[in-house]
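Since the structure comes first, as structure tokens, the remarks are kept for the end.
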Amino acid sequence: MHDKILIIDFGSQVTQLIARRVREEGVYSEIVPFQKAEAAFAEMKPKAVILSGGPASVHEKGAPLAPPSLYEAGVPILGICYGEQAMAQQLGGVVEGGHHREFGRSEVEVTDDCPLFDGVWEKGQKYPVWMSHGDRVTKLPAGFRPVAKAPNAPIAVIADDARKFYAAQFHLEVVHTPHGAALIRNFVRKIAGCAGDWTMRAFKDEAIKKIRAQVGKGRVICGLSGGVDSAVAAVLIHEAIGHQLTCVLVDHGLMRLGEAQKVVTMFRDSYNIPLVHVDASKTFLGALAGISDPEAKRKTIGKLFIDVFEEEAKKIGGADFLAQGTLYPDVIESVSFTGGPSVTIKSHHNVGGLPARMNMQLVEPLRELFKDEVRVLGRELGLPESFVGRHPFPGPGLAIRCPGEISVEKLDILRLADEIYIEEIRRAGLYDDIWQAFAVILPVKTVGVMGDFRTYDFVVGLRAVTSTDGMTADFYPFEPAFLGRVATRIINEVKGVNRVVYDVTSKPPGTIEWE
């Protein structure tokens, strides 16, 4: 129904950003590992293909490459970083290693006009870009011409206008290449000729049809976590199948202050969706006792979620489907596409399927969306802005904001500190300027003096980041007076804390959470 772009993943940690840039142009994009590219191309029938970057060298044994048939398919192809090298190597060019490695900011000079540059870059001008390579193209394949150069990559952009093949040595998708999104826009809209008609309203209508087709007359049980993703999934599914849906809010004892009651009130009062509220905090906290590894925490919580849903399904007379708010980044982070550096970043419970004993199928209507797209869908469904605009909250809850072993004492400290922090952010009018803010209770105690008393209490860390996609992030530059006000309140009002620190680390692609 819509024009599509297929993105072949060679293992880059910023491949998701390519998909985001394409979708920003109203064109649906999908990422597949290079091993499955040929089958995906046949099924998807895309209007164009983009080859991602990656950590490998084309000279390595078993180096990832695109299926040769793609170059004969008659569709435009854009290679990015390693994608340029793979394209050049496969089409008869030469890629050499052993030259100056380059990771970071650089500058390219446009040496010739090119459809990729139309209206963005001009011949003879220099532009900032982000490089990340060890090899470089030294001889072009037949039919190609160089159109830009860089100090450590003399052939920085190549073009074969007849076949509509283009490639760049630098990363177009990252914000560190200021004009990169515009170059991708030229490829998607002008070179590939995509209509740009993929909207969230269209997605909603199509998703409702898919849900109805999948579920039929079956019953669905949907797990709510208190976050935006599961809430949007629940409302979407309810719009599709109505009374066939029952929501289950599992209070695992790791939710924010007053979280459970807020969710119950919204769903029961505003949407009239059947909702079961299960207090399983003792079960979860008991199982987590003594566990300090964040990945072990995630897996423990995921398993217990399944157990609770299974039990609740029995109570309502059985369910055929389990629904959850899995997002596209969840799928990517939970699966290793190449076996290289882009191995599993973190596990997201149930990605990949459910235990066979449950005899249920998964319904994941948001599986193709990014976080900001989910917010747009939530608004399309009529969810209140106060809920849609909330900062992301992880499924495992406060478990991963409590590094080290978990205890009721530490969770109580964390809840109150986090509440004060967010309250002050809202009071300062900064909440909507920040992608995500949260408090962390560190697994250390420090000696301090409070009044006339010597203390030995916990340290609370504060994190606040700006982001457009939830995959890269930079710390929010609070004024010192604001941080001082927050720290004073936390130390005065939260018993058990004598020090507050602010994290000014910028995050590369991957999780924003502090684990």
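By order of appearance in the structure tokens: chains A, B, ..., then residues from 1 within every chain, and ligands from 1 in the order shown.
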Proximity check range 120-239 of chain A to range 68-74 of chain A, 9 Å, nearest pairs one decimal Å, only C-alpha atoms, as a tab-separated table:
residue	atom	partner	partner_atom	distance
A:Arg163	CA	A:Gly74	CA	7.1
A:Lys164	CA	A:Gly74	CA	8.7
A:Phe165	CA	A:Tyr71	CA	8.9
Show which residues sit within 9 Å of Gln35 in chain A, as a ChimeraX atom specification. Count only C-alpha atoms, and ignore same-chain residues fewer than 3 positions away. /A:8,32,38-39,64-67,337-338
Could you write out, as a compact mmCIF listing (two decimals) with N, CA and C atoms, in the first residue's frame, all the residues of range 195-256 of chain A that DSSP marks as strand (DSSP E)?
# COMPACT_ATOMS: atom_id res chain seq x y z
N VAL A 220 -7.84 -11.51 24.41
CA VAL A 220 -6.50 -10.95 24.55
C VAL A 220 -6.31 -10.44 25.97
N ILE A 221 -5.17 -10.77 26.55
CA ILE A 221 -4.79 -10.21 27.84
C ILE A 221 -3.58 -9.31 27.60
N CYS A 222 -3.65 -8.08 28.08
CA CYS A 222 -2.60 -7.10 27.79
C CYS A 222 -1.93 -6.66 29.08
N GLY A 223 -0.61 -6.73 29.10
CA GLY A 223 0.14 -6.33 30.28
C GLY A 223 0.45 -4.85 30.28
N LEU A 224 0.02 -4.14 31.31
CA LEU A 224 0.33 -2.72 31.47
C LEU A 224 1.50 -2.57 32.43
N LEU A 245 -10.71 -7.68 25.02
CA LEU A 245 -9.45 -7.34 25.68
C LEU A 245 -9.64 -7.18 27.19
N THR A 246 -8.71 -7.75 27.95
CA THR A 246 -8.61 -7.51 29.39
C THR A 246 -7.18 -7.08 29.70
N CYS A 247 -7.04 -5.95 30.39
CA CYS A 247 -5.72 -5.47 30.75
C CYS A 247 -5.35 -5.94 32.16
N VAL A 248 -4.07 -6.18 32.35
CA VAL A 248 -3.55 -6.59 33.65
C VAL A 248 -2.40 -5.67 34.02
N LEU A 249 -2.58 -4.97 35.13
CA LEU A 249 -1.50 -4.13 35.65
C LEU A 249 -0.82 -4.90 36.78
N VAL A 250 0.41 -5.30 36.53
CA VAL A 250 1.17 -6.04 37.52
C VAL A 250 2.02 -5.05 38.32
N ASP A 251 1.66 -4.86 39.57
CA ASP A 251 2.45 -4.00 40.46
C ASP A 251 3.56 -4.87 41.05
Could you pull out the alpha helix (DSSP H) residues of range 164-333 of chain A, going by DSSP on the backbone, and write them as a PDB file with N, CA and C atoms, in the first residue's frame?
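Saved to selection34.pdb:
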ATOM      1  N   GLY A 180      23.079  15.610   6.891  1.00  0.00           N
ATOM      2  CA  GLY A 180      22.872  14.212   6.529  1.00  0.00           C
ATOM      3  C   GLY A 180      21.428  13.847   6.282  1.00  0.00           C
ATOM      4  N   ALA A 181      20.523  14.341   7.135  1.00  0.00           N
ATOM      5  CA  ALA A 181      19.100  14.022   6.963  1.00  0.00           C
ATOM      6  C   ALA A 181      18.583  14.554   5.631  1.00  0.00           C
ATOM      7  N   ALA A 182      19.073  15.723   5.219  1.00  0.00           N
ATOM      8  CA  ALA A 182      18.639  16.296   3.939  1.00  0.00           C
ATOM      9  C   ALA A 182      19.154  15.474   2.763  1.00  0.00           C
ATOM     10  N   LEU A 183      20.351  14.916   2.889  1.00  0.00           N
ATOM     11  CA  LEU A 183      20.888  14.050   1.832  1.00  0.00           C
ATOM     12  C   LEU A 183      20.073  12.765   1.724  1.00  0.00           C
ATOM     13  N   ILE A 184      19.694  12.226   2.880  1.00  0.00           N
ATOM     14  CA  ILE A 184      18.841  11.025   2.873  1.00  0.00           C
ATOM     15  C   ILE A 184      17.480  11.370   2.274  1.00  0.00           C
ATOM     16  N   ARG A 185      16.974  12.564   2.580  1.00  0.00           N
ATOM     17  CA  ARG A 185      15.696  13.000   2.001  1.00  0.00           C
ATOM     18  C   ARG A 185      15.791  13.026   0.472  1.00  0.00           C
ATOM     19  N   MET A 200       0.799   8.414  10.595  1.00  0.00           N
ATOM     20  CA  MET A 200       0.375   7.661  11.769  1.00  0.00           C
ATOM     21  C   MET A 200      -1.108   7.324  11.713  1.00  0.00           C
ATOM     22  N   ARG A 201      -1.886   8.178  11.065  1.00  0.00           N
ATOM     23  CA  ARG A 201      -3.307   7.837  10.909  1.00  0.00           C
ATOM     24  C   ARG A 201      -3.457   6.600  10.025  1.00  0.00           C
ATOM     25  N   ALA A 202      -2.673   6.545   8.968  1.00  0.00           N
ATOM     26  CA  ALA A 202      -2.706   5.361   8.106  1.00  0.00           C
ATOM     27  C   ALA A 202      -2.243   4.139   8.875  1.00  0.00           C
ATOM     28  N   PHE A 203      -1.177   4.317   9.697  1.00  0.00           N
ATOM     29  CA  PHE A 203      -0.681   3.193  10.489  1.00  0.00           C
ATOM     30  C   PHE A 203      -1.762   2.696  11.447  1.00  0.00           C
ATOM     31  N   LYS A 204      -2.451   3.621  12.100  1.00  0.00           N
ATOM     32  CA  LYS A 204      -3.496   3.231  13.055  1.00  0.00           C
ATOM     33  C   LYS A 204      -4.577   2.400  12.367  1.00  0.00           C
ATOM     34  N   ASP A 205      -5.074   2.878  11.243  1.00  0.00           N
ATOM     35  CA  ASP A 205      -6.135   2.158  10.534  1.00  0.00           C
ATOM     36  C   ASP A 205      -5.670   0.771  10.099  1.00  0.00           C
ATOM     37  N   GLU A 206      -4.436   0.700   9.598  1.00  0.00           N
ATOM     38  CA  GLU A 206      -3.911  -0.590   9.148  1.00  0.00           C
ATOM     39  C   GLU A 206      -3.657  -1.524  10.330  1.00  0.00           C
ATOM     40  N   ALA A 207      -3.171  -0.962  11.447  1.00  0.00           N
ATOM     41  CA  ALA A 207      -2.904  -1.776  12.635  1.00  0.00           C
ATOM     42  C   ALA A 207      -4.191  -2.382  13.187  1.00  0.00           C
ATOM     43  N   ILE A 208      -5.266  -1.596  13.183  1.00  0.00           N
ATOM     44  CA  ILE A 208      -6.551  -2.100  13.669  1.00  0.00           C
ATOM     45  C   ILE A 208      -7.020  -3.277  12.823  1.00  0.00           C
ATOM     46  N   LYS A 209      -6.848  -3.165  11.516  1.00  0.00           N
ATOM     47  CA  LYS A 209      -7.237  -4.262  10.618  1.00  0.00           C
ATOM     48  C   LYS A 209      -6.387  -5.506  10.893  1.00  0.00           C
ATOM     49  N   LYS A 210      -5.082  -5.294  11.116  1.00  0.00           N
ATOM     50  CA  LYS A 210      -4.193  -6.427  11.385  1.00  0.00           C
ATOM     51  C   LYS A 210      -4.557  -7.114  12.692  1.00  0.00           C
ATOM     52  N   ILE A 211      -4.868  -6.326  13.709  1.00  0.00           N
ATOM     53  CA  ILE A 211      -5.231  -6.898  15.011  1.00  0.00           C
ATOM     54  C   ILE A 211      -6.493  -7.735  14.881  1.00  0.00           C
ATOM     55  N   ARG A 212      -7.493  -7.196  14.208  1.00  0.00           N
ATOM     56  CA  ARG A 212      -8.748  -7.934  14.027  1.00  0.00           C
ATOM     57  C   ARG A 212      -8.520  -9.229  13.255  1.00  0.00           C
ATOM     58  N   ALA A 213      -7.676  -9.150  12.223  1.00  0.00           N
ATOM     59  CA  ALA A 213      -7.398 -10.350  11.429  1.00  0.00           C
ATOM     60  C   ALA A 213      -6.654 -11.394  12.250  1.00  0.00           C
ATOM     61  N   GLN A 214      -5.710 -10.965  13.090  1.00  0.00           N
ATOM     62  CA  GLN A 214      -4.925 -11.894  13.893  1.00  0.00           C
ATOM     63  C   GLN A 214      -5.745 -12.505  15.019  1.00  0.00           C
ATOM     64  N   VAL A 215      -6.519 -11.676  15.695  1.00  0.00           N
ATOM     65  CA  VAL A 215      -7.228 -12.127  16.897  1.00  0.00           C
ATOM     66  C   VAL A 215      -8.534 -12.842  16.580  1.00  0.00           C
ATOM     67  N   VAL A 228       4.168   4.570  28.633  1.00  0.00           N
ATOM     68  CA  VAL A 228       3.391   5.012  27.477  1.00  0.00           C
ATOM     69  C   VAL A 228       3.153   3.873  26.489  1.00  0.00           C
ATOM     70  N   ASP A 229       4.168   3.049  26.246  1.00  0.00           N
ATOM     71  CA  ASP A 229       4.088   2.029  25.202  1.00  0.00           C
ATOM     72  C   ASP A 229       2.941   1.044  25.428  1.00  0.00           C
ATOM     73  N   SER A 230       2.882   0.466  26.629  1.00  0.00           N
ATOM     74  CA  SER A 230       1.840  -0.525  26.899  1.00  0.00           C
ATOM     75  C   SER A 230       0.460   0.124  26.922  1.00  0.00           C
ATOM     76  N   ALA A 231       0.383   1.380  27.366  1.00  0.00           N
ATOM     77  CA  ALA A 231      -0.900   2.078  27.395  1.00  0.00           C
ATOM     78  C   ALA A 231      -1.424   2.323  25.981  1.00  0.00           C
ATOM     79  N   VAL A 232      -0.536   2.775  25.097  1.00  0.00           N
ATOM     80  CA  VAL A 232      -0.937   3.014  23.709  1.00  0.00           C
ATOM     81  C   VAL A 232      -1.338   1.703  23.041  1.00  0.00           C
ATOM     82  N   ALA A 233      -0.584   0.648  23.301  1.00  0.00           N
ATOM     83  CA  ALA A 233      -0.926  -0.660  22.736  1.00  0.00           C
ATOM     84  C   ALA A 233      -2.308  -1.106  23.200  1.00  0.00           C
ATOM     85  N   ALA A 234      -2.591  -0.915  24.481  1.00  0.00           N
ATOM     86  CA  ALA A 234      -3.874  -1.339  25.038  1.00  0.00           C
ATOM     87  C   ALA A 234      -5.040  -0.577  24.414  1.00  0.00           C
ATOM     88  N   VAL A 235      -4.917   0.737  24.295  1.00  0.00           N
ATOM     89  CA  VAL A 235      -5.996   1.542  23.731  1.00  0.00           C
ATOM     90  C   VAL A 235      -6.200   1.205  22.252  1.00  0.00           C
ATOM     91  N   LEU A 236      -5.114   0.973  21.524  1.00  0.00           N
ATOM     92  CA  LEU A 236      -5.217   0.592  20.112  1.00  0.00           C
ATOM     93  C   LEU A 236      -5.933  -0.747  19.961  1.00  0.00           C
ATOM     94  N   ILE A 237      -5.541  -1.705  20.780  1.00  0.00           N
ATOM     95  CA  ILE A 237      -6.165  -3.035  20.701  1.00  0.00           C
ATOM     96  C   ILE A 237      -7.629  -2.960  21.106  1.00  0.00           C
ATOM     97  N   HIS A 238      -7.934  -2.146  22.120  1.00  0.00           N
ATOM     98  CA  HIS A 238      -9.329  -1.998  22.551  1.00  0.00           C
ATOM     99  C   HIS A 238     -10.177  -1.394  21.447  1.00  0.00           C
ATOM    100  N   GLU A 239      -9.608  -0.449  20.704  1.00  0.00           N
ATOM    101  CA  GLU A 239     -10.338   0.138  19.589  1.00  0.00           C
ATOM    102  C   GLU A 239     -10.604  -0.897  18.503  1.00  0.00           C
ATOM    103  N   ALA A 240      -9.719  -1.889  18.418  1.00  0.00           N
ATOM    104  CA  ALA A 240      -9.871  -2.917  17.379  1.00  0.00           C
ATOM    105  C   ALA A 240     -10.858  -4.013  17.780  1.00  0.00           C
ATOM    106  N   ILE A 241     -10.801  -4.465  19.039  1.00  0.00           N
ATOM    107  CA  ILE A 241     -11.589  -5.653  19.413  1.00  0.00           C
ATOM    108  C   ILE A 241     -12.476  -5.460  20.642  1.00  0.00           C
ATOM    109  N   GLU A 259       2.229   5.352  40.999  1.00  0.00           N
ATOM    110  CA  GLU A 259       2.088   4.950  39.592  1.00  0.00           C
ATOM    111  C   GLU A 259       0.874   4.060  39.347  1.00  0.00           C
ATOM    112  N   ALA A 260       0.737   3.025  40.148  1.00  0.00           N
ATOM    113  CA  ALA A 260      -0.320   2.044  39.912  1.00  0.00           C
ATOM    114  C   ALA A 260      -1.698   2.690  39.943  1.00  0.00           C
ATOM    115  N   GLN A 261      -1.940   3.546  40.931  1.00  0.00           N
ATOM    116  CA  GLN A 261      -3.258   4.155  41.055  1.00  0.00           C
ATOM    117  C   GLN A 261      -3.570   5.075  39.887  1.00  0.00           C
ATOM    118  N   LYS A 262      -2.560   5.774  39.372  1.00  0.00           N
ATOM    119  CA  LYS A 262      -2.760   6.659  38.224  1.00  0.00           C
ATOM    120  C   LYS A 262      -3.214   5.869  37.001  1.00  0.00           C
ATOM    121  N   VAL A 263      -2.564   4.722  36.764  1.00  0.00           N
ATOM    122  CA  VAL A 263      -2.912   3.902  35.604  1.00  0.00           C
ATOM    123  C   VAL A 263      -4.305   3.308  35.762  1.00  0.00           C
ATOM    124  N   VAL A 264      -4.608   2.804  36.946  1.00  0.00           N
ATOM    125  CA  VAL A 264      -5.928   2.217  37.201  1.00  0.00           C
ATOM    126  C   VAL A 264      -7.014   3.257  36.977  1.00  0.00           C
ATOM    127  N   THR A 265      -6.821   4.454  37.497  1.00  0.00           N
ATOM    128  CA  THR A 265      -7.818   5.514  37.362  1.00  0.00           C
ATOM    129  C   THR A 265      -8.047   5.870  35.897  1.00  0.00           C
ATOM    130  N   SER A 281       4.068  -7.529  44.405  1.00  0.00           N
ATOM    131  CA  SER A 281       5.334  -6.943  44.853  1.00  0.00           C
ATOM    132  C   SER A 281       6.156  -7.901  45.707  1.00  0.00           C
ATOM    133  N   LYS A 282       5.511  -8.633  46.614  1.00  0.00           N
ATOM    134  CA  LYS A 282       6.252  -9.562  47.468  1.00  0.00           C
ATOM    135  C   LYS A 282       6.918 -10.658  46.645  1.00  0.00           C
ATOM    136  N   THR A 283       6.214 -11.134  45.633  1.00  0.00           N
ATOM    137  CA  THR A 283       6.765 -12.194  44.772  1.00  0.00           C
ATOM    138  C   THR A 283       7.992 -11.693  44.011  1.00  0.00           C
ATOM    139  N   PHE A 284       7.870 -10.521  43.408  1.00  0.00           N
ATOM    140  CA  PHE A 284       8.965  -9.975  42.604  1.00  0.00           C
ATOM    141  C   PHE A 284      10.168  -9.619  43.466  1.00  0.00           C
ATOM    142  N   LEU A 285       9.917  -8.907  44.560  1.00  0.00           N
ATOM    143  CA  LEU A 285      11.033  -8.473  45.403  1.00  0.00           C
ATOM    144  C   LEU A 285      11.721  -9.662  46.061  1.00  0.00           C
ATOM    145  N   GLY A 286      10.951 -10.688  46.364  1.00  0.00           N
ATOM    146  CA  GLY A 286      11.550 -11.898  46.923  1.00  0.00           C
ATOM    147  C   GLY A 286      12.457 -12.590  45.933  1.00  0.00           C
ATOM    148  N   ALA A 287      12.022 -12.646  44.674  1.00  0.00           N
ATOM    149  CA  ALA A 287      12.816 -13.306  43.634  1.00  0.00           C
ATOM    150  C   ALA A 287      14.062 -12.502  43.281  1.00  0.00           C
ATOM    151  N   LEU A 288      13.992 -11.182  43.447  1.00  0.00           N
ATOM    152  CA  LEU A 288      15.119 -10.318  43.097  1.00  0.00           C
ATOM    153  C   LEU A 288      16.140 -10.180  44.225  1.00  0.00           C
ATOM    154  N   PRO A 294      22.291  -6.363  36.223  1.00  0.00           N
ATOM    155  CA  PRO A 294      21.096  -5.781  35.595  1.00  0.00           C
ATOM    156  C   PRO A 294      20.429  -6.697  34.586  1.00  0.00           C
ATOM    157  N   GLU A 295      21.215  -7.477  33.865  1.00  0.00           N
ATOM    158  CA  GLU A 295      20.617  -8.387  32.891  1.00  0.00           C
ATOM    159  C   GLU A 295      19.868  -9.513  33.592  1.00  0.00           C
ATOM    160  N   ALA A 296      20.426  -9.998  34.709  1.00  0.00           N
ATOM    161  CA  ALA A 296      19.746 -11.029  35.493  1.00  0.00           C
ATOM    162  C   ALA A 296      18.442 -10.480  36.068  1.00  0.00           C
ATOM    163  N   LYS A 297      18.457  -9.210  36.463  1.00  0.00           N
ATOM    164  CA  LYS A 297      17.227  -8.593  36.965  1.00  0.00           C
ATOM    165  C   LYS A 297      16.161  -8.588  35.875  1.00  0.00           C
ATOM    166  N   ARG A 298      16.551  -8.163  34.679  1.00  0.00           N
ATOM    167  CA  ARG A 298      15.596  -8.103  33.571  1.00  0.00           C
ATOM    168  C   ARG A 298      14.970  -9.475  33.294  1.00  0.00           C
ATOM    169  N   LYS A 299      15.815 -10.492  33.255  1.00  0.00           N
ATOM    170  CA  LYS A 299      15.309 -11.834  32.936  1.00  0.00           C
ATOM    171  C   LYS A 299      14.425 -12.380  34.042  1.00  0.00           C
ATOM    172  N   THR A 300      14.788 -12.090  35.284  1.00  0.00           N
ATOM    173  CA  THR A 300      13.963 -12.536  36.411  1.00  0.00           C
ATOM    174  C   THR A 300      12.593 -11.876  36.357  1.00  0.00           C
ATOM    175  N   ILE A 301      12.580 -10.577  36.127  1.00  0.00           N
ATOM    176  CA  ILE A 301      11.320  -9.840  36.059  1.00  0.00           C
ATOM    177  C   ILE A 301      10.486 -10.307  34.871  1.00  0.00           C
ATOM    178  N   GLY A 302      11.124 -10.520  33.722  1.00  0.00           N
ATOM    179  CA  GLY A 302      10.402 -10.983  32.544  1.00  0.00           C
ATOM    180  C   GLY A 302       9.738 -12.331  32.774  1.00  0.00           C
ATOM    181  N   LYS A 303      10.445 -13.248  33.420  1.00  0.00           N
ATOM    182  CA  LYS A 303       9.881 -14.573  33.699  1.00  0.00           C
ATOM    183  C   LYS A 303       8.682 -14.477  34.648  1.00  0.00           C
ATOM    184  N   LEU A 304       8.820 -13.645  35.671  1.00  0.00           N
ATOM    185  CA  LEU A 304       7.730 -13.504  36.635  1.00  0.00           C
ATOM    186  C   LEU A 304       6.509 -12.841  36.001  1.00  0.00           C
ATOM    187  N   PHE A 305       6.733 -11.893  35.100  1.00  0.00           N
ATOM    188  CA  PHE A 305       5.621 -11.292  34.376  1.00  0.00           C
ATOM    189  C   PHE A 305       4.811 -12.373  33.663  1.00  0.00           C
ATOM    190  N   ILE A 306       5.514 -13.256  32.985  1.00  0.00           N
ATOM    191  CA  ILE A 306       4.851 -14.339  32.255  1.00  0.00           C
ATOM    192  C   ILE A 306       4.030 -15.205  33.208  1.00  0.00           C
ATOM    193  N   ASP A 307       4.619 -15.538  34.350  1.00  0.00           N
ATOM    194  CA  ASP A 307       3.916 -16.369  35.329  1.00  0.00           C
ATOM    195  C   ASP A 307       2.622 -15.705  35.795  1.00  0.00           C
ATOM    196  N   VAL A 308       2.714 -14.380  36.066  1.00  0.00           N
ATOM    197  CA  VAL A 308       1.527 -13.659  36.545  1.00  0.00           C
ATOM    198  C   VAL A 308       0.462 -13.596  35.460  1.00  0.00           C
ATOM    199  N   PHE A 309       0.857 -13.281  34.234  1.00  0.00           N
ATOM    200  CA  PHE A 309      -0.113 -13.211  33.146  1.00  0.00           C
ATOM    201  C   PHE A 309      -0.789 -14.563  32.923  1.00  0.00           C
ATOM    202  N   GLU A 310      -0.009 -15.614  33.016  1.00  0.00           N
ATOM    203  CA  GLU A 310      -0.550 -16.960  32.825  1.00  0.00           C
ATOM    204  C   GLU A 310      -1.608 -17.261  33.879  1.00  0.00           C
ATOM    205  N   GLU A 311      -1.326 -16.897  35.113  1.00  0.00           N
ATOM    206  CA  GLU A 311      -2.270 -17.129  36.204  1.00  0.00           C
ATOM    207  C   GLU A 311      -3.541 -16.298  36.036  1.00  0.00           C
ATOM    208  N   GLU A 312      -3.378 -15.032  35.647  1.00  0.00           N
ATOM    209  CA  GLU A 312      -4.536 -14.159  35.468  1.00  0.00           C
ATOM    210  C   GLU A 312      -5.388 -14.591  34.278  1.00  0.00           C
ATOM    211  N   ALA A 313      -4.753 -15.128  33.243  1.00  0.00           N
ATOM    212  CA  ALA A 313      -5.495 -15.628  32.088  1.00  0.00           C
ATOM    213  C   ALA A 313      -6.425 -16.768  32.497  1.00  0.00           C
ATOM    214  N   LYS A 314      -5.957 -17.604  33.390  1.00  0.00           N
ATOM    215  CA  LYS A 314      -6.791 -18.709  33.889  1.00  0.00           C
ATOM    216  C   LYS A 314      -8.007 -18.172  34.636  1.00  0.00           C
ATOM    217  N   LYS A 315      -7.791 -17.110  35.402  1.00  0.00           N
ATOM    218  CA  LYS A 315      -8.879 -16.554  36.228  1.00  0.00           C
ATOM    219  C   LYS A 315     -10.013 -15.968  35.388  1.00  0.00           C
ATOM    220  N   TYR A 328      10.156  -1.178  18.103  1.00  0.00           N
ATOM    221  CA  TYR A 328      11.176  -1.604  17.145  1.00  0.00           C
ATOM    222  C   TYR A 328      12.572  -1.630  17.773  1.00  0.00           C
ATOM    223  N   PRO A 329      12.970  -0.600  18.550  1.00  0.00           N
ATOM    224  CA  PRO A 329      14.283  -0.667  19.198  1.00  0.00           C
ATOM    225  C   PRO A 329      14.414  -1.849  20.163  1.00  0.00           C
ATOM    226  N   ASP A 330      13.304  -2.252  20.800  1.00  0.00           N
ATOM    227  CA  ASP A 330      13.347  -3.427  21.685  1.00  0.00           C
ATOM    228  C   ASP A 330      13.785  -4.661  20.903  1.00  0.00           C
ATOM    229  N   VAL A 331      13.218  -4.799  19.711  1.00  0.00           N
ATOM    230  CA  VAL A 331      13.524  -5.963  18.872  1.00  0.00           C
ATOM    231  C   VAL A 331      14.989  -5.928  18.440  1.00  0.00           C
ATOM    232  N   ILE A 332      15.446  -4.756  17.993  1.00  0.00           N
ATOM    233  CA  ILE A 332      16.820  -4.627  17.520  1.00  0.00           C
ATOM    234  C   ILE A 332      17.807  -4.888  18.658  1.00  0.00           C
ATOM    235  N   GLU A 333      17.541  -4.321  19.833  1.00  0.00           N
ATOM    236  CA  GLU A 333      18.477  -4.444  20.954  1.00  0.00           C
ATOM    237  C   GLU A 333      18.531  -5.861  21.508  1.00  0.00           C
TER     238      GLU A 333
END
From the options A:Ala399, A:Pro154, A:Met44, A:Phe370, which residue's atoms come nearest to Ala19 in chain A, counting only C-alpha atoms?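 Closest to Ala19 in chain A, using only C-alpha atoms: A:Phe370.
Proximity to Arg415 in chain A was assessed for A:Leu327, A:Phe458, A:Asp474, A:Gly258 counting only C-alpha atoms; the smallest distance is recorded for A:Gly258.
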So, with only C-alpha atoms as the atoms that count, which of A:Val486, A:Ala192, A:Val129, A:Val95 lies closest to Ile425 in chain A?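 That would be A:Val486, the residue with the smallest distance to Ile425 in chain A.
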For a quick check of understanding, using only C-alpha atoms, which of A:Val501, A:Ile7, A:Leu254, A:Ala289 has the smallest distance to Leu411 in chain A? A:Leu254
For range 418-424 of chain A: contacts at 6 Å, only C-alpha atoms, fewer than 4 positions along chain excluded, given as a ChimeraX atom specification: /A:414,438-439
Which is closer to Tyr166 in chain A than all the others in A:Ala37, A:Ile5, A:Val459, A:Ala48, using only C-alpha atoms?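 Looking at the shortest contact to Tyr166 in chain A, the residue is A:Ala48.
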Distance table requested - range 124-217 of chain A against range 107-119 of chain A, cut-off 7 Å, only C-alpha atoms: one row per qualifying residue with the closest atom pair and its distance in Å to one decimal, ordered by chain and rising residue number, as a Markdown table.
| residue | atom | partner | partner_atom | distance |
| --- | --- | --- | --- | --- |
| A:Gly124 | CA | A:Val110 | CA | 5.4 |
| A:Gln125 | CA | A:Glu109 | CA | 5.7 |
| A:Lys126 | CA | A:Glu109 | CA | 4.3 |
| A:Tyr127 | CA | A:Glu107 | CA | 5.4 |
| A:Pro128 | CA | A:Glu107 | CA | 4.5 |
| A:Val129 | CA | A:Glu107 | CA | 5.6 |
| A:Val147 | CA | A:Asp112 | CA | 4.7 |
| A:Ala148 | CA | A:Val110 | CA | 4.3 |
| A:Lys149 | CA | A:Glu109 | CA | 5.4 |
| A:Ala150 | CA | A:Val108 | CA | 4.5 |
| A:Leu183 | CA | A:Leu116 | CA | 5.8 |
| A:Asn186 | CA | A:Leu116 | CA | 5.6 |
| A:Phe187 | CA | A:Leu116 | CA | 6.0 |
Given only C-alpha atoms as the counted atoms, nearest of A:Pro76, A:Gly97, A:Pro274, A:Gly226 to Cys194 in chain A: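 Using only C-alpha atoms, Cys194 in chain A sits closest to A:Pro76.
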Shell around Val460 in chain A at 8 Å using only C-alpha atoms, local window under 5 positions removed, as a VMD selection string: chain A and resid 414 417 439 to 442 497 499 to 501
Could you give me, as a compact mmCIF listing (two decimals) with N, CA and C atoms, in the first residue's frame, the residues within 12 Å of Tyr456 in chain A, counting only C-alpha atoms and dropping anything in the same chain fewer than 5 positions from it?
# COMPACT_ATOMS: atom_id res chain seq x y z
N VAL A 444 26.54 2.68 46.84
CA VAL A 444 27.62 3.09 47.73
C VAL A 444 27.06 4.02 48.80
N LYS A 445 27.74 4.06 49.92
CA LYS A 445 27.40 5.02 50.97
C LYS A 445 28.61 5.91 51.21
N THR A 446 28.35 7.16 51.60
CA THR A 446 29.43 8.08 51.88
C THR A 446 29.25 8.71 53.26
N VAL A 447 30.36 9.14 53.81
CA VAL A 447 30.33 9.82 55.11
C VAL A 447 30.04 11.31 54.87
N GLY A 448 29.17 11.85 55.67
CA GLY A 448 28.84 13.26 55.56
C GLY A 448 28.47 13.84 56.90
N VAL A 449 28.26 15.13 56.93
CA VAL A 449 27.85 15.81 58.15
C VAL A 449 26.58 16.58 57.86
N MET A 450 25.55 16.34 58.66
CA MET A 450 24.29 17.05 58.52
C MET A 450 24.01 17.72 59.85
N LYS A 495 15.12 10.69 53.91
CA LYS A 495 15.97 10.10 54.93
C LYS A 495 16.78 8.96 54.33
N GLY A 496 18.10 8.98 54.59
CA GLY A 496 18.96 7.93 54.05
C GLY A 496 19.85 8.41 52.92
N VAL A 497 19.76 9.71 52.57
CA VAL A 497 20.58 10.27 51.50
C VAL A 497 21.39 11.45 52.06
N ASN A 498 22.68 11.47 51.79
CA ASN A 498 23.49 12.61 52.23
C ASN A 498 24.31 13.24 51.11
N ARG A 499 24.09 12.75 49.87
CA ARG A 499 24.84 13.32 48.75
C ARG A 499 24.06 13.11 47.46
